[in-house]
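Okay, structure first, notes after.
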Amino acid sequence: MSKEKAKTRRSSSPTKAKSKAETGKEPANAGYGANDHKSADLAKNAEDAAGEYLTTNQGVRINDNQNSLQAGDRGPTLLEDFILREKITHFDHERIPERVVHARGTAAHGYFQVYESMAPITKAGFLQDPAVRTPVFVRFSTVAGSRGSSDLARDVRGFAVKFYTQEGNYDLVGNNMPVFFIQDAIKFPDLVHAVKPEPHNEIPQAASAHDTFWDFISLMPESMHMIMWVMSDRAIPRSLRMMEGFGVHTFRFINDRGQAQFVKFHWKPLLGLHSVLWEEAQQISGKDPDFHRRDLWEAIENGDYPEWELGVQIVAEKDEHSFDFDLLDPTKLIPEEIVPVRRIGKMILNRNPDNFFAETEQVAFQTGNIVPGIDFTNDPLLQGRIFSYLDTQLLRLGGPNFHEIPINRPIAPAHNNQRDGHMRQTINRGQTSYEPNTLRGGCPFQAGSDLGGFTSYAERIDARKIRERSPSFLDHFSQATLFFNSQSVPEQNHIIKALRFELGKVETPAIRERMLFLLAQVDKTLAQKVAQGLGASVPKKLDKPMNMSIPADVLPRKVQPKRATQAIDASPALSMIDNPNFPTETIKTRKIAFLLADGFDDAAVLEVKQILKTAGAAALTVAPRLGVLTGINGTTIKADCSFLTGSSVLFDAVYVPGGEASVAALKAEPEAANFLREAYKHCKTLAASGAGTDLFESAGFVTLAANAGARADQPGIVTSREGNLKILGLEFIQAIAQHRHWEREPTV
Ligand code: HDE
């Protein structure tokens, strides 16, 4: 393009921003509703370039964004080019340090509403009035991987909720597992260094399957309960929308009479608890490393707002010591069968962020952000976290004013005498920045507790200053055993396989041996089965003590694990399959692949699609090629993906409708049979109608000849050669609702 032409184009008037009527889409920031204080607050900082001229950061309009200022046609660039220098300098400074842990994450806005006043047990303002919607921002994350790592790593998921309450921000910074690896914050840097890529070669990314992690774990018996969780399917969720959340530590609720009770927090997903298989997780990591991020984003864009109920387990102060474990020990949970979870409110996520960096990356959670009515306990892990989160933000966000970043700023007004620092935004008026003062009439005032001033719970402490693990923390295996015993057979098999995989990647035999010894303390058969897979045997005793890296003079005698008698043998609430907390199975938001080619049976596609849609699931077309496909009766359907871009691991179930030509084309496409075989292997539901049933036979995983025209007699295989599409559709829904057909697993 000649310079002349370019100039004309550049100086033409900017186009007006398109309205909703023109684009069919909500304009940016449309979600900022009147009853959503936080969104309205964020809107103050929102920028939208639609219809605007390009400017520098100083607001000067830019005439040429293609060429730097240079001396003549082929001459050097001039130092005076302030436009170039501003642009490049800003670009050079675009990155901030990623989070030390939980770097990979995704987030959404929403709100929380309590079902009924919780006044008898807590005075927390946002838990009083069912009419009040408290805005929330929730960030989900993996722990070990870097910002760009895959969503499907075997890992704990972070579940961090920032409540923008009228009394200040309250952060519930939890995980999708109710316990943790270690009991004391002083071990956290060791744990994280061990699980992160090894320091000499930065391998492996986002994985615990390597020597340093298992070396550390094999010396830390206290981690065994958490290891059971991380090796279970909880560590590979189907969706962030289908996992539980837990506050992990025991906290306190305080009511307006100053009475305290212990509380454990839970988030219960209304879509149920679901996971993928490890083999799928590995494939998804290649096919779509953003699988969870995309799933959450799309669900919210489609109006399928994810929901969780907030649950609490309440324990009276007087019952603090009535358990067979210590409430302050974060490697223990309170079985729901012993203290039931009371569901007290609901959280709905209904708006995607406008800008990933400004919101999801810059959000700063802090376990120390609590409000009147909630307080800490002396859990040594929690105590360390209260320090760590504030400290880490100072580095990550570059100074003490990160609370002013829009996503972090409270909707409750903030007034104090803190001043200055990098990038200060607030313009504090007045002569004083100290207290007490007379020059400002003593403002800002301290608030009495009757006026909402935070007062710490006056817990009685009468103690010596010691560095010792409490004897009440020393039972490291009972709850690991309880967890294993509570799993169904397929879930136990998955744990065994996960351990074989992880320890199979360990290169140092002594580490494997120590791990087998520890596993045997949890369950002998588990240890033996893992050992079989490793071609090893379970040691009867170890040559050296377990904590052999701790010098003997430092190792307190008490650090030898012991086992407490358990109140229950199994807790059904710990299993994902047949979990009594999630009795009704729904197929809402599930993705069903329709395998089609030209010449498909129009009715068999449209009717089944409609039946699934009514049940809340989405049908997506996978075809030998992209573009438009035409049915026998002329219906046209756009292919959502081809066999190259789609894969069975990205779907929940598969359907092959009839239509001789369509099925013949699929038969000629080897990937179609692979798609079905893979879905079958991963225990998913498969359905076929009409000639589609032939494809099941030619795929070789089921013989229908014996019952052609009728249903296949295998669970999770729904067919109808000539039958009624309505019945097929309904049976399909029932089968998908079971998520997976685990009885098939041993046979594949
Ligand atoms: Fe964290 N953790 N953590 N953690 N954690 C961080 O804070 C830390 C722990 C959790 O989406 C960091 O802002 C210590 C338990 C989540 O931004 C850091 C200890 C639980 C997130 C930190 C723990 C968590 C973090 C890194 C042991 C579940 C992501 C960046 C004493 C209850 C929050 C940051 C987000 C992030 C420290 C243990 C959950 C370094 C010292 C237990 C969900 O401050």
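Labeling convention for the structure tokens: chains A, B, ... as they appear, residues from 1 per chain, ligands from 1 in order of appearance.
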
Near-ligand residues for ligand 1, threshold 8 Å, only C-alpha atoms and all ligand atoms, as a VMD selection string: chain A and resid 98 to 103 105 138 to 141 143 157 to 160 173 to 175 177 to 182 184 to 189 246 to 249 330 360 to 361 363 to 366 380 to 385 387 to 393

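Neighbouring residues of Glu585 of chain A at 9 Å or closer, counting only C-alpha atoms and skipping chain neighbours under 6 positions away, are A:Leu271, A:Gly272, A:Gln734, A:Ala737, A:Gln738, A:His739.
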
Using the selection just defined, write its residues with N, CA, C and O atoms as a short mmCIF file (atom, residue, chain, number, x, y, z; two decimals), in the first residue's frame.
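Saved file selection14.cif follows:
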```cif
data_model
loop_
_atom_site.label_atom_id
_atom_site.label_comp_id
_atom_site.auth_asym_id
_atom_site.auth_seq_id
_atom_site.Cartn_x
_atom_site.Cartn_y
_atom_site.Cartn_z
N LEU A 271 -23.90 -29.66 39.88
CA LEU A 271 -23.83 -30.54 38.71
C LEU A 271 -23.27 -31.92 39.08
O LEU A 271 -23.06 -32.77 38.21
N GLY A 272 -23.02 -32.13 40.36
CA GLY A 272 -22.48 -33.42 40.79
C GLY A 272 -20.96 -33.45 40.70
O GLY A 272 -20.32 -32.50 40.27
N GLN A 734 -30.62 -41.44 30.31
CA GLN A 734 -30.40 -42.17 31.58
C GLN A 734 -28.98 -42.72 31.66
O GLN A 734 -28.33 -42.69 32.70
N ALA A 737 -26.43 -40.01 32.23
CA ALA A 737 -26.51 -39.49 33.60
C ALA A 737 -25.67 -40.31 34.57
O ALA A 737 -25.30 -39.84 35.64
N GLN A 738 -25.38 -41.56 34.19
CA GLN A 738 -24.52 -42.36 35.08
C GLN A 738 -23.05 -42.00 34.93
O GLN A 738 -22.20 -42.58 35.60
N HIS A 739 -22.77 -41.06 34.03
CA HIS A 739 -21.42 -40.57 33.77
C HIS A 739 -20.55 -41.61 33.10
O HIS A 739 -20.12 -41.44 31.97
#
```

Could you name the residues that touch Arg342 of chain A at 7 Å or less, counting only C-alpha atoms, but leaving out those on the same chain fewer than 4 positions away, as an NGL selection string? :A and (311-313)

Distance query Asn401 of chain A at most 7 Å, only C-alpha atoms, self and fewer than 6 positions along chain excluded, as a VMD selection string: chain A and resid 421 to 424

From the list A:Phe651, A:Phe732, A:Tyr53, A:Trp297, which residue is nearest Leu686 of chain A when using only C-alpha atoms? A:Phe732

Using only C-alpha atoms, what table do you get, as a Markdown table, when you list each residue of segment 337-391 of chain A with an atom no more than 10 Å from segment 261-267 of chain A, its nearest pair of atoms, and their distance in Å rounded to one decimal, rows by chain then rising number?
```
| residue | atom | partner | partner_atom | distance |
| --- | --- | --- | --- | --- |
| A:Val341 | CA | A:His266 | CA | 7.8 |
| A:Arg342 | CA | A:His266 | CA | 9.3 |
| A:Arg343 | CA | A:His266 | CA | 8.6 |
| A:Gly345 | CA | A:Trp267 | CA | 9.8 |
| A:Lys346 | CA | A:Trp267 | CA | 8.9 |
| A:Met347 | CA | A:Trp267 | CA | 8.8 |
| A:Ile374 | CA | A:Val263 | CA | 9.2 |
| A:Asp375 | CA | A:Phe262 | CA | 9.3 |
| A:Phe376 | CA | A:Phe262 | CA | 9.3 |
| A:Thr377 | CA | A:Phe262 | CA | 8.4 |
```

Output file for the selection above: all heavy atoms, as a PDB file, in the first residue's frame:
```
ATOM      1  N   VAL A 341     -22.967 -32.004  57.006  1.00  0.00           N
ATOM      2  CA  VAL A 341     -22.739 -30.705  56.379  1.00  0.00           C
ATOM      3  C   VAL A 341     -24.098 -30.023  56.221  1.00  0.00           C
ATOM      4  O   VAL A 341     -25.005 -30.580  55.597  1.00  0.00           O
ATOM      5  CB  VAL A 341     -22.081 -30.879  54.994  1.00  0.00           C
ATOM      6  CG1 VAL A 341     -21.963 -29.537  54.282  1.00  0.00           C
ATOM      7  CG2 VAL A 341     -20.707 -31.519  55.141  1.00  0.00           C
ATOM      8  N   ARG A 342     -24.208 -28.839  56.782  1.00  0.00           N
ATOM      9  CA  ARG A 342     -25.452 -28.068  56.621  1.00  0.00           C
ATOM     10  C   ARG A 342     -25.244 -27.084  55.476  1.00  0.00           C
ATOM     11  O   ARG A 342     -24.302 -26.293  55.497  1.00  0.00           O
ATOM     12  CB  ARG A 342     -25.738 -27.332  57.930  1.00  0.00           C
ATOM     13  CG  ARG A 342     -26.916 -26.409  57.835  1.00  0.00           C
ATOM     14  CD  ARG A 342     -27.213 -25.770  59.188  1.00  0.00           C
ATOM     15  NE  ARG A 342     -28.146 -24.666  59.017  1.00  0.00           N
ATOM     16  CZ  ARG A 342     -28.352 -23.712  59.893  1.00  0.00           C
ATOM     17  NH1 ARG A 342     -27.689 -23.737  61.051  1.00  0.00           N
ATOM     18  NH2 ARG A 342     -29.211 -22.745  59.657  1.00  0.00           N
ATOM     19  N   ARG A 343     -26.127 -27.130  54.492  1.00  0.00           N
ATOM     20  CA  ARG A 343     -25.982 -26.225  53.343  1.00  0.00           C
ATOM     21  C   ARG A 343     -26.657 -24.903  53.669  1.00  0.00           C
ATOM     22  O   ARG A 343     -27.862 -24.861  53.910  1.00  0.00           O
ATOM     23  CB  ARG A 343     -26.575 -26.863  52.096  1.00  0.00           C
ATOM     24  CG  ARG A 343     -25.862 -28.192  51.784  1.00  0.00           C
ATOM     25  CD  ARG A 343     -26.297 -28.758  50.486  1.00  0.00           C
ATOM     26  NE  ARG A 343     -25.673 -30.077  50.288  1.00  0.00           N
ATOM     27  CZ  ARG A 343     -25.446 -30.599  49.101  1.00  0.00           C
ATOM     28  NH1 ARG A 343     -25.774 -29.949  48.008  1.00  0.00           N
ATOM     29  NH2 ARG A 343     -24.890 -31.793  48.993  1.00  0.00           N
ATOM     30  N   GLY A 345     -26.205 -21.741  51.879  1.00  0.00           N
ATOM     31  CA  GLY A 345     -26.374 -20.707  50.858  1.00  0.00           C
ATOM     32  C   GLY A 345     -25.866 -21.189  49.527  1.00  0.00           C
ATOM     33  O   GLY A 345     -25.369 -22.313  49.401  1.00  0.00           O
ATOM     34  N   LYS A 346     -26.034 -20.338  48.522  1.00  0.00           N
ATOM     35  CA  LYS A 346     -25.665 -20.756  47.165  1.00  0.00           C
ATOM     36  C   LYS A 346     -24.808 -19.698  46.484  1.00  0.00           C
ATOM     37  O   LYS A 346     -25.056 -18.505  46.620  1.00  0.00           O
ATOM     38  CB  LYS A 346     -26.927 -21.002  46.351  1.00  0.00           C
ATOM     39  CG  LYS A 346     -26.591 -21.672  45.056  1.00  0.00           C
ATOM     40  CD  LYS A 346     -27.684 -22.317  44.255  1.00  0.00           C
ATOM     41  CE  LYS A 346     -29.049 -21.878  44.208  1.00  0.00           C
ATOM     42  NZ  LYS A 346     -29.845 -22.425  43.149  1.00  0.00           N
ATOM     43  N   MET A 347     -23.824 -20.175  45.724  1.00  0.00           N
ATOM     44  CA  MET A 347     -22.982 -19.282  44.921  1.00  0.00           C
ATOM     45  C   MET A 347     -23.238 -19.587  43.440  1.00  0.00           C
ATOM     46  O   MET A 347     -23.267 -20.751  43.041  1.00  0.00           O
ATOM     47  CB  MET A 347     -21.519 -19.540  45.252  1.00  0.00           C
ATOM     48  CG  MET A 347     -20.558 -18.731  44.401  1.00  0.00           C
ATOM     49  SD  MET A 347     -18.884 -18.848  45.017  1.00  0.00           S
ATOM     50  CE  MET A 347     -18.414 -20.476  44.427  1.00  0.00           C
ATOM     51  N   ILE A 374     -16.101 -14.193  61.673  1.00  0.00           N
ATOM     52  CA  ILE A 374     -15.265 -15.329  61.258  1.00  0.00           C
ATOM     53  C   ILE A 374     -13.891 -15.130  61.884  1.00  0.00           C
ATOM     54  O   ILE A 374     -13.406 -13.999  61.962  1.00  0.00           O
ATOM     55  CB  ILE A 374     -15.153 -15.392  59.717  1.00  0.00           C
ATOM     56  CG1 ILE A 374     -16.554 -15.579  59.121  1.00  0.00           C
ATOM     57  CG2 ILE A 374     -14.219 -16.511  59.273  1.00  0.00           C
ATOM     58  CD1 ILE A 374     -16.611 -15.567  57.625  1.00  0.00           C
ATOM     59  N   ASP A 375     -13.297 -16.216  62.353  1.00  0.00           N
ATOM     60  CA  ASP A 375     -11.964 -16.073  62.952  1.00  0.00           C
ATOM     61  C   ASP A 375     -11.143 -17.342  62.700  1.00  0.00           C
ATOM     62  O   ASP A 375     -11.666 -18.354  62.246  1.00  0.00           O
ATOM     63  CB  ASP A 375     -12.079 -15.761  64.452  1.00  0.00           C
ATOM     64  CG  ASP A 375     -10.933 -14.858  64.926  1.00  0.00           C
ATOM     65  OD1 ASP A 375      -9.823 -14.964  64.346  1.00  0.00           O
ATOM     66  OD2 ASP A 375     -11.140 -14.067  65.867  1.00  0.00           O
ATOM     67  N   PHE A 376      -9.858 -17.230  63.019  1.00  0.00           N
ATOM     68  CA  PHE A 376      -8.925 -18.326  62.762  1.00  0.00           C
ATOM     69  C   PHE A 376      -8.936 -19.337  63.913  1.00  0.00           C
ATOM     70  O   PHE A 376      -9.516 -19.085  64.970  1.00  0.00           O
ATOM     71  CB  PHE A 376      -7.497 -17.777  62.650  1.00  0.00           C
ATOM     72  CG  PHE A 376      -7.371 -16.608  61.720  1.00  0.00           C
ATOM     73  CD1 PHE A 376      -6.903 -15.383  62.169  1.00  0.00           C
ATOM     74  CD2 PHE A 376      -7.720 -16.741  60.388  1.00  0.00           C
ATOM     75  CE1 PHE A 376      -6.768 -14.306  61.306  1.00  0.00           C
ATOM     76  CE2 PHE A 376      -7.593 -15.666  59.512  1.00  0.00           C
ATOM     77  CZ  PHE A 376      -7.119 -14.445  59.978  1.00  0.00           C
ATOM     78  N   THR A 377      -8.236 -20.446  63.671  1.00  0.00           N
ATOM     79  CA  THR A 377      -7.858 -21.321  64.785  1.00  0.00           C
ATOM     80  C   THR A 377      -6.334 -21.414  64.757  1.00  0.00           C
ATOM     81  O   THR A 377      -5.686 -20.812  63.897  1.00  0.00           O
ATOM     82  CB  THR A 377      -8.429 -22.754  64.613  1.00  0.00           C
ATOM     83  OG1 THR A 377      -7.933 -23.282  63.381  1.00  0.00           O
ATOM     84  CG2 THR A 377      -9.933 -22.768  64.648  1.00  0.00           C
TER      85      THR A 377
END
```

Give me every alpha helix (DSSP H) residue in segment 7-207 of chain A, going by DSSP on the backbone, as an MDAnalysis selection string. chainID A and resid 7:10 20:23 37:43 82:92 188:195

Once you have the residues from the selection above, write them out as a short mmCIF file (atom, residue, chain, number, x, y, z; two decimals), in the first residue's frame, restricted to N, CA and C atoms.
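Final file, selection_34.cif:
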```
data_model
loop_
_atom_site.label_atom_id
_atom_site.label_comp_id
_atom_site.auth_asym_id
_atom_site.auth_seq_id
_atom_site.Cartn_x
_atom_site.Cartn_y
_atom_site.Cartn_z
N LYS A 7 -2.20 6.76 4.52
CA LYS A 7 -2.52 7.97 5.26
C LYS A 7 -4.03 8.23 5.24
N THR A 8 -4.61 8.05 4.03
CA THR A 8 -6.04 8.29 3.90
C THR A 8 -6.80 7.35 4.84
N ARG A 9 -6.40 6.05 4.85
CA ARG A 9 -7.12 5.10 5.67
C ARG A 9 -6.97 5.43 7.15
N ARG A 10 -5.75 5.81 7.50
CA ARG A 10 -5.50 6.10 8.91
C ARG A 10 -6.30 7.29 9.41
N LYS A 20 -26.07 -3.62 20.36
CA LYS A 20 -26.46 -5.01 20.52
C LYS A 20 -27.32 -5.46 19.35
N ALA A 21 -28.20 -4.54 18.89
CA ALA A 21 -29.09 -4.90 17.79
C ALA A 21 -28.29 -5.25 16.54
N GLU A 22 -27.16 -4.55 16.33
CA GLU A 22 -26.36 -4.79 15.13
C GLU A 22 -25.55 -6.08 15.24
N THR A 23 -24.99 -6.33 16.42
CA THR A 23 -24.08 -7.47 16.55
C THR A 23 -24.78 -8.71 17.08
N HIS A 37 -22.76 -4.65 43.17
CA HIS A 37 -21.90 -3.52 43.52
C HIS A 37 -20.49 -3.67 42.99
N LYS A 38 -19.98 -4.88 43.02
CA LYS A 38 -18.58 -5.02 42.63
C LYS A 38 -18.42 -4.80 41.13
N SER A 39 -19.34 -5.32 40.33
CA SER A 39 -19.24 -5.12 38.88
C SER A 39 -19.34 -3.64 38.56
N ALA A 40 -20.22 -2.95 39.26
CA ALA A 40 -20.36 -1.51 39.01
C ALA A 40 -19.06 -0.81 39.39
N ASP A 41 -18.45 -1.27 40.45
CA ASP A 41 -17.19 -0.69 40.90
C ASP A 41 -16.09 -0.94 39.86
N LEU A 42 -16.05 -2.16 39.30
CA LEU A 42 -15.04 -2.48 38.28
C LEU A 42 -15.26 -1.64 37.02
N ALA A 43 -16.52 -1.35 36.74
CA ALA A 43 -16.84 -0.62 35.50
C ALA A 43 -16.16 0.75 35.48
N PHE A 82 9.00 9.37 20.72
CA PHE A 82 8.36 9.08 22.01
C PHE A 82 7.24 8.05 21.86
N ILE A 83 6.66 7.99 20.66
CA ILE A 83 5.56 7.03 20.46
C ILE A 83 6.13 5.60 20.45
N LEU A 84 7.21 5.42 19.70
CA LEU A 84 7.86 4.11 19.65
C LEU A 84 8.37 3.71 21.04
N ARG A 85 9.03 4.68 21.70
CA ARG A 85 9.65 4.33 22.98
C ARG A 85 8.59 3.98 24.03
N GLU A 86 7.51 4.73 24.05
CA GLU A 86 6.45 4.43 25.03
C GLU A 86 5.88 3.04 24.77
N LYS A 87 5.64 2.75 23.48
CA LYS A 87 5.01 1.46 23.14
C LYS A 87 5.91 0.28 23.49
N ILE A 88 7.20 0.40 23.08
CA ILE A 88 8.13 -0.71 23.34
C ILE A 88 8.40 -0.86 24.83
N THR A 89 8.56 0.28 25.52
CA THR A 89 8.86 0.19 26.95
C THR A 89 7.70 -0.48 27.70
N HIS A 90 6.48 -0.09 27.34
CA HIS A 90 5.35 -0.71 28.03
C HIS A 90 5.33 -2.21 27.77
N PHE A 91 5.58 -2.56 26.53
CA PHE A 91 5.61 -3.98 26.15
C PHE A 91 6.68 -4.73 26.95
N ASP A 92 7.86 -4.12 27.06
CA ASP A 92 8.96 -4.77 27.79
C ASP A 92 8.60 -5.06 29.24
N PHE A 188 6.17 -25.99 53.92
CA PHE A 188 5.57 -25.67 52.62
C PHE A 188 6.61 -25.41 51.53
N PRO A 189 7.63 -24.59 51.78
CA PRO A 189 8.63 -24.40 50.72
C PRO A 189 9.29 -25.72 50.30
N ASP A 190 9.50 -26.65 51.25
CA ASP A 190 10.09 -27.94 50.90
C ASP A 190 9.16 -28.74 50.00
N LEU A 191 7.88 -28.77 50.39
CA LEU A 191 6.90 -29.49 49.59
C LEU A 191 6.86 -28.94 48.16
N VAL A 192 6.80 -27.62 48.05
CA VAL A 192 6.66 -27.00 46.72
C VAL A 192 7.94 -27.19 45.90
N HIS A 193 9.09 -27.04 46.54
CA HIS A 193 10.34 -27.29 45.81
C HIS A 193 10.39 -28.73 45.31
N ALA A 194 9.86 -29.65 46.12
CA ALA A 194 9.93 -31.06 45.73
C ALA A 194 9.01 -31.36 44.54
N VAL A 195 7.85 -30.73 44.50
CA VAL A 195 6.89 -31.07 43.43
C VAL A 195 7.15 -30.30 42.14
#
```

Write out as a PyMOL selection string which residues come within 12 Å of Met515 of chain A when counting only C-alpha atoms, dropping same-chain ones fewer than 5 positions away. chain A and resi 211+213-221+223-224+227+499-500+502-504+506+508-510+520-522+526-528+530-531+534+536-539+541-542+546

What is the distance, in Å and to one decimal place, between atom CA of His109 of chain A and atom CA of Asp151 of chain A? 19.9 Å

Kindly give the distance, in Å, that separates atom CA of Ala414 of chain A and atom CA of Asn350 of chain A, rounded to a single decimal.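 The value is 27.1 Å.
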
Best match for closeness to Pro289 of chain A among A:Arg460, A:Arg419, A:Arg409, A:Arg147, counting only C-alpha atoms: A:Arg147

Coordinates-based distance that separates atom CA of Asp129 of chain A from atom CA of Asp256 of chain A (Å, one decimal): 15.0 Å

Could you pull the residues within 10 Å of Glu116 of chain A, counting only C-alpha atoms, minus those fewer than 6 positions along the same chain, as an NGL selection string? :A and (127-131 or 344-345)

Pull N, CA and C atoms from the residues just selected and write them as a compact mmCIF listing (two decimals), in the first residue's frame.
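again_15.txt written:
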```txt
# COMPACT_ATOMS: atom_id res chain seq x y z
N LEU A 127 -23.86 -13.25 55.94
CA LEU A 127 -24.58 -14.48 56.24
C LEU A 127 -25.85 -14.21 57.06
N GLN A 128 -26.37 -12.99 56.97
CA GLN A 128 -27.55 -12.64 57.76
C GLN A 128 -28.85 -12.62 56.95
N ASP A 129 -28.81 -11.99 55.78
CA ASP A 129 -30.06 -11.66 55.11
C ASP A 129 -30.17 -12.39 53.76
N PRO A 130 -31.17 -13.29 53.62
CA PRO A 130 -31.29 -14.04 52.36
C PRO A 130 -31.56 -13.14 51.15
N ALA A 131 -31.95 -11.88 51.39
CA ALA A 131 -32.23 -10.99 50.25
C ALA A 131 -30.94 -10.39 49.69
N ILE A 344 -25.89 -23.83 53.64
CA ILE A 344 -26.42 -22.57 54.16
C ILE A 344 -26.61 -21.49 53.09
N GLY A 345 -26.21 -21.74 51.88
CA GLY A 345 -26.37 -20.71 50.86
C GLY A 345 -25.87 -21.19 49.53
```
